[in-house]
file query15.tsv (TSV, C-alpha atoms and all ligand atoms)
chain	number	residue	atom	x	y	z
L	1	MET	CA	-4.09	-6.58	26.73
L	2	GLN	CA	-5.92	-3.32	27.34
L	3	LEU	CA	-9.36	-2.68	25.86
L	4	GLN	CA	-10.26	0.99	25.30
L	5	GLN	CA	-13.63	2.42	24.44
L	6	ASN	CA	-14.65	5.27	22.19
L	7	ILE	CA	-11.18	6.49	21.21
L	8	SER	CA	-10.26	8.74	18.30
L	9	LEU	CA	-8.57	7.02	15.35
L	10	LYS	CA	-6.95	10.28	14.18
L	11	PRO	CA	-3.42	9.24	15.25
L	12	TYR	CA	-3.89	5.83	13.65
L	13	ASN	CA	-4.66	6.76	10.03
L	14	THR	CA	-2.29	8.67	7.75
L	15	PHE	CA	-5.19	10.67	6.28
L	16	GLY	CA	-5.57	12.07	9.81
L	17	ILE	CA	-9.36	11.64	9.80
L	18	ASP	CA	-10.91	12.10	13.21
L	19	VAL	CA	-13.53	9.42	13.84
L	20	PRO	CA	-13.99	7.29	16.96
L	21	ALA	CA	-13.67	3.51	17.29
L	22	GLU	CA	-16.23	1.83	19.53
L	23	TYR	CA	-13.54	-0.45	20.97
L	24	PHE	CA	-9.78	-0.37	20.45
L	25	THR	CA	-6.90	-2.56	21.50
L	26	GLU	CA	-3.22	-2.97	20.68
L	27	LEU	CA	-2.13	-6.52	20.01
L	28	ARG	CA	1.47	-7.04	21.16
L	29	ASP	CA	1.32	-10.71	22.09
L	30	ILE	CA	0.18	-13.37	19.68
L	31	ASP	CA	-1.10	-15.45	22.61
L	32	ASP	CA	-3.82	-12.84	23.17
L	33	LEU	CA	-5.50	-13.69	19.86
L	34	PRO	CA	-7.91	-16.35	21.22
L	35	GLU	CA	-9.15	-13.85	23.83
L	36	VAL	CA	-9.45	-11.03	21.28
L	37	THR	CA	-11.45	-13.35	19.03
L	38	GLU	CA	-14.23	-13.52	21.62
L	39	LEU	CA	-14.43	-9.77	22.37
L	40	THR	CA	-16.78	-8.61	19.61
L	41	GLN	CA	-18.34	-9.98	16.47
L	42	LYS	CA	-17.14	-7.10	14.27
L	43	LYS	CA	-13.37	-6.68	14.02
L	44	HIS	CA	-11.16	-4.36	11.97
L	45	VAL	CA	-7.42	-4.79	11.71
L	46	LEU	CA	-5.25	-1.72	11.61
L	47	GLY	CA	-1.57	-1.70	10.68
L	48	GLY	CA	0.00	1.63	9.75
L	49	GLY	CA	-3.40	3.02	8.72
L	50	SER	CA	-1.81	4.20	5.49
L	51	ASN	CA	-4.29	2.78	3.05
L	52	ILE	CA	-7.66	3.48	4.64
L	53	LEU	CA	-10.25	6.21	4.38
L	54	LEU	CA	-12.46	6.52	7.46
L	55	THR	CA	-15.88	7.81	6.50
L	56	GLN	CA	-17.85	7.10	9.69
L	57	PRO	CA	-17.45	6.09	13.34
L	58	VAL	CA	-16.13	2.54	13.43
L	59	SER	CA	-18.38	0.09	15.23
L	60	GLY	CA	-16.93	-3.04	16.83
L	61	LEU	CA	-13.29	-3.57	17.71
L	62	VAL	CA	-10.27	-1.99	16.03
L	63	ILE	CA	-7.13	-4.07	16.61
L	64	HIS	CA	-3.85	-2.26	16.15
L	65	ASN	CA	-1.25	-4.81	15.12
L	66	LYS	CA	1.90	-4.23	17.18
L	67	LEU	CA	3.51	-7.67	16.76
L	68	LYS	CA	7.26	-7.09	16.44
L	69	GLY	CA	10.31	-9.11	15.53
L	70	ILE	CA	12.57	-10.01	12.61
L	71	THR	CA	14.31	-13.41	12.65
L	72	VAL	CA	16.25	-15.47	10.15
L	73	GLU	CA	14.21	-18.56	9.39
L	74	LYS	CA	16.84	-20.22	7.19
L	75	GLU	CA	19.55	-19.35	4.71
L	76	ASN	CA	21.71	-20.84	1.99
L	77	ALA	CA	24.52	-19.52	-0.19
L	78	ASP	CA	22.16	-17.34	-2.22
L	79	TYR	CA	19.18	-16.42	-0.06
L	80	VAL	CA	18.03	-15.53	3.44
L	81	TRP	CA	14.47	-16.20	4.52
L	82	LEU	CA	13.38	-13.55	7.02
L	83	ASN	CA	10.39	-14.20	9.25
L	84	VAL	CA	8.90	-10.81	10.07
L	85	GLN	CA	6.08	-10.03	12.49
L	86	ALA	CA	3.24	-8.15	10.82
L	87	GLY	CA	3.36	-5.10	13.12
L	88	GLU	CA	6.90	-4.17	12.05
L	89	VAL	CA	7.08	-0.87	10.16
L	90	TRP	CA	7.67	-1.70	6.48
L	91	HIS	CA	10.45	0.82	5.96
L	92	ASP	CA	12.31	-0.53	9.02
L	93	LEU	CA	12.34	-3.91	7.30
L	94	VAL	CA	13.74	-2.30	4.14
L	95	LEU	CA	16.49	-0.66	6.23
L	96	HIS	CA	17.21	-3.97	7.97
L	97	ALA	CA	17.55	-5.67	4.56
L	98	ILE	CA	19.81	-3.07	2.95
L	99	ASN	CA	22.00	-2.80	6.05
L	100	ASN	CA	22.52	-6.57	5.92
L	101	GLY	CA	23.31	-6.56	2.20
L	102	LEU	CA	20.06	-8.31	1.29
L	103	GLY	CA	18.31	-7.41	-1.95
L	104	GLY	CA	14.75	-7.66	-3.22
L	105	ILE	CA	12.79	-4.93	-1.47
L	106	GLU	CA	15.06	-1.88	-1.91
L	107	ASN	CA	12.74	-0.37	-4.56
L	108	LEU	CA	9.98	-0.42	-1.95
L	109	ALA	CA	11.77	1.95	0.46
L	110	LEU	CA	9.64	4.49	2.33
L	111	ILE	CA	6.29	2.94	1.46
L	112	PRO	CA	4.23	3.86	4.51
L	113	GLY	CA	2.56	1.14	6.54
L	114	THR	CA	3.39	-2.13	8.21
L	115	VAL	CA	4.68	-5.51	7.10
L	116	GLY	CA	1.16	-6.94	7.46
L	117	ALA	CA	-0.07	-4.67	4.69
L	118	SER	CA	2.59	-5.83	2.24
L	119	PRO	CA	0.82	-9.07	1.24
L	120	MET	CA	-2.67	-7.61	1.75
L	121	GLN	CA	-2.03	-4.87	-0.81
L	122	ASN	CA	0.85	-6.49	-2.65
L	123	ILE	CA	2.56	-3.12	-2.22
L	124	GLY	CA	4.60	-1.99	-5.19
L	125	ALA	CA	6.75	0.82	-6.53
L	126	TYR	CA	9.44	1.52	-9.11
L	127	GLY	CA	9.03	-1.72	-11.04
L	128	VAL	CA	8.91	-4.10	-8.04
L	129	GLU	CA	6.04	-5.70	-6.11
L	130	ALA	CA	6.11	-7.35	-2.68
L	131	LYS	CA	4.85	-10.64	-4.16
L	132	GLU	CA	8.25	-11.16	-5.79
L	133	THR	CA	9.87	-11.77	-2.39
L	134	ILE	CA	6.99	-13.08	-0.26
L	135	GLU	CA	7.49	-16.78	0.42
L	136	SER	CA	4.50	-17.30	2.74
L	137	VAL	CA	2.00	-15.49	4.94
L	138	THR	CA	0.78	-16.70	8.33
L	139	PHE	CA	-2.55	-15.49	9.68
L	140	TRP	CA	-5.02	-16.13	12.44
L	141	TYR	CA	-8.27	-17.33	10.92
L	142	TRP	CA	-10.96	-15.81	13.15
L	143	LYS	CA	-13.68	-18.29	12.27
L	144	GLU	CA	-11.69	-21.44	13.06
L	145	LYS	CA	-9.60	-19.83	15.82
L	146	THR	CA	-6.45	-21.22	14.33
L	147	PHE	CA	-3.28	-20.17	12.50
L	148	LEU	CA	-2.95	-20.91	8.79
L	149	THR	CA	0.05	-20.42	6.52
L	150	TYR	CA	-0.47	-19.68	2.84
L	151	SER	CA	2.23	-20.09	0.22
L	152	ASN	CA	2.86	-17.27	-2.25
L	153	ARG	CA	0.68	-19.01	-4.83
L	154	GLU	CA	-2.23	-19.40	-2.40
L	155	CYS	CA	-2.20	-15.64	-1.73
L	156	SER	CA	-3.48	-14.99	-5.31
L	157	PHE	CA	-1.44	-11.83	-5.68
L	158	GLY	CA	-2.39	-9.29	-8.32
L	159	TYR	CA	-1.76	-5.59	-8.90
L	160	ARG	CA	-2.37	-4.05	-5.43
L	161	ASP	CA	-4.47	-7.12	-4.74
L	162	SER	CA	-4.49	-10.48	-2.91
L	163	ILE	CA	-6.79	-13.06	-1.41
L	164	PHE	CA	-6.71	-10.99	1.83
L	165	LYS	CA	-8.60	-8.18	0.05
L	166	ARG	CA	-11.09	-10.64	-1.47
L	167	GLN	CA	-12.12	-14.09	-0.17
L	168	LEU	CA	-10.35	-13.53	3.17
L	169	LYS	CA	-11.43	-9.90	3.61
L	170	ASP	CA	-12.16	-9.32	7.34
L	171	LYS	CA	-11.57	-13.04	7.97
L	172	ALA	CA	-7.82	-13.12	8.58
L	173	PHE	CA	-5.44	-11.37	10.94
L	174	ILE	CA	-2.00	-11.48	9.32
L	175	THR	CA	0.57	-12.23	12.02
L	176	SER	CA	3.81	-12.75	10.10
L	177	VAL	CA	5.32	-12.85	6.62
L	178	VAL	CA	8.35	-14.74	5.33
L	179	TYR	CA	10.42	-12.90	2.70
L	180	LYS	CA	13.04	-14.59	0.55
L	181	LEU	CA	15.78	-12.01	0.14
L	182	SER	CA	18.84	-12.37	-2.03
L	183	LYS	CA	22.50	-12.30	-1.04
L	184	LYS	CA	23.35	-11.88	-4.75
L	185	PRO	CA	20.59	-9.58	-5.91
L	186	VAL	CA	19.77	-8.64	-9.46
L	187	TYR	CA	18.78	-4.99	-9.20
L	188	ASN	CA	15.78	-3.50	-10.96
L	189	THR	CA	16.48	-0.02	-12.27
L	190	SER	CA	14.05	-0.27	-15.17
L	191	TYR	CA	12.08	2.68	-13.84
L	192	GLY	CA	13.63	5.70	-15.59
L	193	ALA	CA	13.51	7.97	-12.56
L	194	ILE	CA	15.75	5.58	-10.58
L	195	LYS	CA	18.51	5.61	-13.21
L	196	GLU	CA	18.34	9.39	-13.34
L	197	GLU	CA	18.48	9.70	-9.55
L	198	LEU	CA	21.41	7.27	-9.26
L	199	GLU	CA	23.31	9.37	-11.82
L	200	ASN	CA	22.52	12.56	-9.88
L	201	MET	CA	23.80	10.83	-6.73
L	202	GLY	CA	27.02	9.92	-8.57
L	203	VAL	CA	26.46	6.18	-8.01
L	204	PHE	CA	28.29	3.92	-10.45
L	205	GLU	CA	28.24	0.66	-8.51
L	206	LEU	CA	24.73	-0.58	-7.82
L	207	SER	CA	23.77	-1.78	-4.36
L	208	ALA	CA	20.51	-2.33	-2.51
L	209	LYS	CA	21.43	0.64	-0.33
L	210	ALA	CA	22.07	3.00	-3.27
L	211	ILE	CA	18.77	2.05	-4.91
L	212	ALA	CA	16.85	2.46	-1.65
L	213	TYR	CA	18.36	5.93	-1.18
L	214	ALA	CA	17.51	6.89	-4.78
L	215	VAL	CA	13.91	5.76	-4.21
L	216	MET	CA	13.78	7.68	-0.93
L	217	HIS	CA	14.90	10.85	-2.73
L	218	ILE	CA	12.32	10.45	-5.48
L	219	ARG	CA	9.48	9.66	-3.08
L	220	THR	CA	10.22	12.54	-0.73
L	221	SER	CA	10.39	14.98	-3.62
L	222	LYS	CA	7.01	13.94	-5.06
L	223	LEU	CA	4.82	12.47	-2.36
L	224	PRO	CA	3.49	14.40	0.62
L	225	ASP	CA	4.74	13.35	4.07
L	226	PRO	CA	1.64	12.14	5.97
L	227	LYS	CA	3.07	13.76	9.11
L	228	GLN	CA	2.65	17.12	7.41
L	229	ILE	CA	-0.27	16.60	5.00
L	230	GLY	CA	-2.73	13.76	5.55
L	231	ASN	CA	-2.85	11.27	2.67
L	232	ALA	CA	-2.95	7.56	1.86
L	233	GLY	CA	-0.51	7.42	-1.07
L	234	SER	CA	-2.10	6.52	-4.39
L	235	PHE	CA	-5.85	6.88	-3.97
L	236	PHE	CA	-6.63	5.11	-7.27
L	237	LYS	CA	-5.10	2.17	-9.12
L	238	ASN	CA	-3.55	2.78	-12.51
L	239	PRO	CA	-6.20	1.57	-14.97
L	240	THR	CA	-5.55	-1.10	-17.59
L	241	ILE	CA	-6.90	-0.24	-21.04
L	242	PRO	CA	-6.93	-1.96	-24.48
L	243	LYS	CA	-4.03	-1.02	-26.75
L	244	ILE	CA	-6.56	0.21	-29.33
L	245	GLN	CA	-7.88	2.77	-26.85
L	246	TYR	CA	-4.29	3.69	-25.96
L	247	ALA	CA	-3.52	4.33	-29.64
L	248	GLN	CA	-6.54	6.64	-29.85
L	249	LEU	CA	-5.23	8.57	-26.81
L	250	CYS	CA	-1.80	8.88	-28.43
L	251	GLY	CA	-3.51	10.44	-31.45
L	252	LEU	CA	-4.88	13.17	-29.21
L	253	TYR	CA	-1.92	13.90	-26.91
L	254	ASP	CA	1.80	14.29	-27.58
L	255	THR	CA	3.06	11.81	-25.02
L	256	VAL	CA	0.89	9.40	-23.09
L	257	PRO	CA	2.89	7.51	-20.46
L	258	SER	CA	2.14	3.80	-20.13
L	259	TYR	CA	3.28	0.58	-18.47
L	260	PRO	CA	3.19	-2.71	-20.41
L	261	VAL	CA	0.61	-5.33	-19.27
L	262	ASP	CA	0.30	-7.93	-22.06
L	263	GLU	CA	-0.10	-8.25	-25.84
L	264	LEU	CA	-3.43	-6.48	-25.89
L	265	ARG	CA	-3.38	-4.10	-22.94
L	266	VAL	CA	-1.36	-1.34	-21.26
L	267	LYS	CA	-1.64	0.44	-17.93
L	268	VAL	CA	-1.96	4.23	-18.03
L	269	PRO	CA	-1.01	6.35	-14.99
L	270	ALA	CA	-4.21	7.49	-13.29
L	271	ALA	CA	-2.26	10.62	-12.27
L	272	TRP	CA	-1.83	11.58	-15.92
L	273	LEU	CA	-5.58	11.19	-16.60
L	274	ILE	CA	-6.56	13.09	-13.44
L	275	GLU	CA	-4.16	15.90	-14.24
L	276	ARG	CA	-5.60	16.25	-17.75
L	277	CYS	CA	-9.04	16.65	-16.19
L	278	GLY	CA	-7.70	19.71	-14.36
L	279	TRP	CA	-7.66	18.32	-10.81
L	280	LYS	CA	-3.94	18.56	-9.96
L	281	GLY	CA	-3.47	20.99	-7.07
L	282	TYR	CA	-7.26	21.41	-6.66
L	283	ARG	CA	-8.29	22.41	-3.14
L	284	ARG	CA	-11.71	22.62	-1.51
L	285	GLY	CA	-11.64	23.63	2.14
L	286	ASP	CA	-9.33	21.23	3.92
L	287	ILE	CA	-9.20	18.56	1.24
L	288	GLY	CA	-7.76	18.38	-2.23
L	289	VAL	CA	-5.54	16.78	-4.86
L	290	HIS	CA	-1.80	16.96	-4.24
L	291	ALA	CA	-0.01	19.61	-6.30
L	292	LYS	CA	2.93	17.35	-7.20
L	293	GLN	CA	1.18	14.00	-7.75
L	294	ALA	CA	-2.42	13.99	-8.93
L	295	LEU	CA	-2.95	10.40	-7.76
L	296	VAL	CA	-2.77	11.46	-4.14
L	297	LEU	CA	-5.77	12.98	-2.38
L	298	VAL	CA	-4.92	15.03	0.67
L	299	ASN	CA	-6.33	16.25	3.97
L	300	TYR	CA	-4.73	19.58	4.90
L	301	ALA	CA	-6.17	19.72	8.42
L	302	HIS	CA	-9.70	18.85	9.47
L	303	GLY	CA	-11.03	17.21	6.29
L	304	LYS	CA	-13.82	14.66	6.58
L	305	GLY	CA	-13.60	11.17	5.12
L	306	ASN	CA	-16.94	11.57	3.40
L	307	ASP	CA	-15.81	14.75	1.66
L	308	ILE	CA	-12.70	12.98	0.36
L	309	TRP	CA	-14.90	10.11	-0.78
L	310	GLN	CA	-17.17	12.56	-2.59
L	311	LEU	CA	-14.23	14.32	-4.25
L	312	SER	CA	-12.90	10.95	-5.39
L	313	GLY	CA	-16.31	10.27	-6.96
L	314	GLU	CA	-16.16	13.54	-8.88
L	315	ILE	CA	-12.70	12.64	-10.15
L	316	VAL	CA	-13.88	9.18	-11.26
L	317	LYS	CA	-16.81	10.79	-13.09
L	318	SER	CA	-14.72	13.38	-14.91
L	319	VAL	CA	-12.09	10.82	-16.02
L	320	LYS	CA	-14.91	8.59	-17.27
L	321	GLU	CA	-16.48	11.46	-19.20
L	322	LYS	CA	-13.25	12.74	-20.74
L	323	PHE	CA	-11.45	9.45	-21.47
L	324	ASN	CA	-14.09	6.72	-21.10
L	325	ILE	CA	-11.82	5.06	-18.53
L	326	GLU	CA	-13.15	3.79	-15.19
L	327	LEU	CA	-10.82	4.56	-12.26
L	328	GLU	CA	-10.83	2.11	-9.37
L	329	ARG	CA	-10.02	3.24	-5.82
L	330	GLU	CA	-7.00	1.66	-4.20
L	331	VAL	CA	-7.70	2.69	-0.62
L	332	GLN	CA	-9.91	0.62	1.64
L	333	VAL	CA	-12.98	2.48	2.82
L	334	TRP	CA	-14.23	1.93	6.38
A	1	LIG	N1	2.06	11.87	-13.96
A	1	LIG	C1	1.27	12.92	-14.34
A	1	LIG	N2	0.81	13.75	-13.39
A	1	LIG	C2	1.13	13.61	-12.07
A	1	LIG	C3	1.97	12.56	-11.68
A	1	LIG	C4	2.42	11.68	-12.66
A	1	LIG	O1	0.95	13.11	-15.52
A	1	LIG	O2	0.62	14.41	-11.25
A	1	LIG	C5	2.55	10.94	-15.00
A	1	LIG	C6	3.97	11.20	-15.37
A	1	LIG	O3	4.05	11.10	-16.76
A	1	LIG	C7	4.74	10.05	-14.77
A	1	LIG	C8	3.70	8.95	-14.71
A	1	LIG	O4	2.45	9.61	-14.52
A	1	LIG	O5	5.81	9.70	-15.56
A	1	LIG	C9	3.93	7.98	-13.59
A	1	LIG	O6	4.02	8.70	-12.36
A	1	LIG	P1	4.76	8.07	-11.09
A	1	LIG	O7	6.11	7.58	-11.47
A	1	LIG	O8	4.67	9.04	-9.98
A	1	LIG	O9	3.92	6.77	-10.77
A	1	LIG	P2	2.36	6.44	-10.71
A	1	LIG	O10	2.05	5.50	-11.81
A	1	LIG	O11	1.54	7.67	-10.62
A	1	LIG	C10	2.70	4.29	-9.27
A	1	LIG	C11	2.23	3.71	-7.97
A	1	LIG	C12	2.93	4.38	-6.79
A	1	LIG	C13	4.42	4.19	-6.95
A	1	LIG	C14	4.86	4.78	-8.29
A	1	LIG	C15	6.29	4.51	-8.58
A	1	LIG	C16	-0.02	2.93	-8.35
A	1	LIG	C17	-1.47	3.15	-8.07
A	1	LIG	N3	0.80	3.84	-7.84
A	1	LIG	O12	2.28	5.65	-9.31
A	1	LIG	O13	2.51	3.75	-5.62
A	1	LIG	O14	5.13	4.83	-5.89
A	1	LIG	O15	4.10	4.16	-9.37
A	1	LIG	O16	6.48	3.19	-8.94
A	1	LIG	O17	0.33	1.95	-9.00
A	1	LIG	C18	1.00	3.81	-3.79
A	1	LIG	O18	0.58	2.72	-4.19
A	1	LIG	O19	0.52	4.37	-2.78
A	1	LIG	C19	2.05	4.47	-4.54
A	1	LIG	C20	2.49	5.68	-4.21
call {"tool": "encode", "arguments": {"input": "query15.tsv", "output": "structure tokens"}}
result
Amino acid sequence: MQLQQNISLKPYNTFGIDVPAEYFTELRDIDDLPEVTELTQKKHVLGGGSNILLTQPVSGLVIHNKLKGITVEKENADYVWLNVQAGEVWHDLVLHAINNGLGGIENLALIPGTVGASPMQNIGAYGVEAKETIESVTFWYWKEKTFLTYSNRECSFGYRDSIFKRQLKDKAFITSVVYKLSKKPVYNTSYGAIKEELENMGVFELSAKAIAYAVMHIRTSKLPDPKQIGNAGSFFKNPTIPKIQYAQLCGLYDTVPSYPVDELRVKVPAAWLIERCGWKGYRRGDIGVHAKQALVLVNYAHGKGNDIWQLSGEIVKSVKEKFNIELEREVQVW
């Protein structure tokens, strides 16, 4: 294990923000965890760096999770349980699954980041969330210097949320995740854009591979590639509002997109609200709001984390003023 000092985190966050970390190490061997535990009091875990906004130099130790490996834990006639090390790239796992005819995560193709972030964030897209296939999560509990395994239920998954973002925030280093993938999948094409894309592709027989490719097409056409334009995917969560408020909105606008939540509430796309406040395509110096998806804030070159934070505050304020809806940030701020 190599400990580095004062290194730039620019290559390690998809926003491409250039701030230094006081200490930095790559964790490739799980047996190094006891030693890493003792290095500094303050620790920050970094996976793909695709959901963080760096607003200041990071004090303490940044640990880049590089634990790799995908193994079959068990299988039966219907399912395969894959044990995946948290440093694996998420999309590589999706490719592994579809190439082995396993279903369950194909709608989550091309989500940036690592496997370790999938339970943390309960990543989701196109009608599917990671929690639907996560069987258990194993993590190193810094305080007790021991490994713990939580079942799906114990992870308290919610919309882009889990116990790892709340009670266990900064307390757990996720080392591996077990996914229960299906040999006889039931595909989810409820998201209109997927059906449309599959038709365009001329696909008549559904497969995990076809759906993953449809999702990849949609994502690449709408979302900026972090290698070209710095971003962290959706910057805000889609807000949940009472159906009464939704009905009022529908009285004012022709079509207001929504996702069902329960009897009394719906989710409204934050992108739709932000666009109606005039922010889509907005640019100020090196930062801005993506021209094709208003939910994505971008860093064109040398943007500063604090400036992006400030812009996000202005967006929150204008959505609150225009719609009386409070947007919540999805990205983690360091
Ligand atoms: N829309 C606009 N303006 C825009 C973009 C979208 O008005 O600039 C409207 C359109 O009416 C569209 C609707 O919003 O039909 C929904 O847009 P989209 O399908 O792009 O999805 P989203 O609700 O904006 C969510 C997730 C994405 C995920 C997509 C697809 C959140 C916070 N975001 O976005 O997740 O890929 O659905 O399922 O829930 C991420 O978390 O980083 C992420 C990209």
call {"tool": "residues_near_point", "arguments": {"input": "query15.tsv", "point": "(0.3, -20.0, -0.7)", "cutoff": "10 Å", "atoms": "only C-alpha atoms", "output": "PyMOL selection string"}}
result
chain L and resi 134-138+149-157+163
call {"tool": "residues_around", "arguments": {"input": "query15.tsv", "residues": "L:Tyr79", "least_positions_apart": "6", "cutoff": "10 Å", "atoms": "all atoms listed in the file", "output": "ChimeraX atom specification"}}
result
/L:102-103,179-185
call {"tool": "closest_residue", "arguments": {"input": "query15.tsv", "among": "L:Gly47, L:Gly313, L:Gly233, L:Gly16", "to": "L:Asn299", "atoms": "all atoms listed in the file"}}
result
L:Gly16
call {"tool": "closest_atom_pairs", "arguments": {"input": "query15.tsv", "of": "chain L", "to": "ligand LIG 1 (chain A)", "cutoff": "8 Å", "atoms": "all atoms listed in the file", "output": "CSV"}}
result
residue,atom,partner,partner_atom,distance
L:Asn51,CA,A:LIG1,O19,7.7
L:Ile111,CA,A:LIG1,O19,7.3
L:Ile123,CA,A:LIG1,O18,6.5
L:Gly124,CA,A:LIG1,O13,6.1
L:Ala125,CA,A:LIG1,O16,3.4
L:Tyr126,CA,A:LIG1,O16,3.4
L:Gly127,CA,A:LIG1,O16,5.9
L:Val128,CA,A:LIG1,O16,7.7
L:Tyr159,CA,A:LIG1,O17,7.8
L:Arg160,CA,A:LIG1,O17,7.5
L:Tyr191,CA,A:LIG1,O16,7.5
L:Ala193,CA,A:LIG1,O7,7.5
L:Arg219,CA,A:LIG1,O14,7.1
L:Lys222,CA,A:LIG1,O8,7.3
L:Leu223,CA,A:LIG1,C20,7.4
L:Ala232,CA,A:LIG1,O19,6.6
L:Gly233,CA,A:LIG1,O19,3.6
L:Ser234,CA,A:LIG1,O19,3.8
L:Phe235,CA,A:LIG1,O19,6.9
L:Phe236,CA,A:LIG1,C17,5.6
L:Lys237,CA,A:LIG1,C17,3.9
L:Asn238,CA,A:LIG1,C17,4.9
L:Val256,CA,A:LIG1,O3,7.3
L:Pro257,CA,A:LIG1,O3,5.3
L:Ser258,CA,A:LIG1,C8,7.6
L:Val268,CA,A:LIG1,O10,7.5
L:Pro269,CA,A:LIG1,O10,4.5
L:Ala270,CA,A:LIG1,O11,6.3
L:Ala271,CA,A:LIG1,C2,4.5
L:Trp272,CA,A:LIG1,O1,3.2
L:Leu273,CA,A:LIG1,O1,6.9
L:Ile274,CA,A:LIG1,N2,7.4
L:Glu275,CA,A:LIG1,N2,5.5
L:Arg276,CA,A:LIG1,O1,7.6
L:Lys280,CA,A:LIG1,O2,6.3
L:His290,CA,A:LIG1,O2,7.8
L:Ala291,CA,A:LIG1,O2,7.2
L:Lys292,CA,A:LIG1,O2,5.5
L:Gln293,CA,A:LIG1,O2,3.6
L:Ala294,CA,A:LIG1,O2,3.8
L:Leu295,CA,A:LIG1,O11,6.0
L:Val296,CA,A:LIG1,C20,7.8
L:Glu330,CA,A:LIG1,C17,6.9
call {"tool": "residues_around", "arguments": {"input": "query15.tsv", "residues": "L:Pro34", "least_positions_apart": "3", "cutoff": "10 Å", "atoms": "all atoms listed in the file", "output": "list in words"}}
result
Ile30, Asp31, Thr37, Glu38, Leu39, Trp140, Trp142, Lys145 and Thr146 of chain L
call {"tool": "residues_around", "arguments": {"input": "query15.tsv", "residues": "L:Asn83", "least_positions_apart": "5", "cutoff": "8 Å", "atoms": "all atoms listed in the file", "output": "CSV table (one decimal) with C-alpha atoms, keeping the file's coordinate frame"}}
result
chain,number,residue,atom,x,y,z
L,70,ILE,CA,12.6,-10.0,12.6
L,71,THR,CA,14.3,-13.4,12.6
L,72,VAL,CA,16.2,-15.5,10.2
L,73,GLU,CA,14.2,-18.6,9.4
L,176,SER,CA,3.8,-12.8,10.1
L,177,VAL,CA,5.3,-12.8,6.6
L,178,VAL,CA,8.4,-14.7,5.3
L,179,TYR,CA,10.4,-12.9,2.7
call {"tool": "closest_residue", "arguments": {"input": "query15.tsv", "among": "L:Ile105, L:Ala97, L:Met1, L:Ile174", "to": "L:Met120", "atoms": "only C-alpha atoms"}}
result
L:Ile174
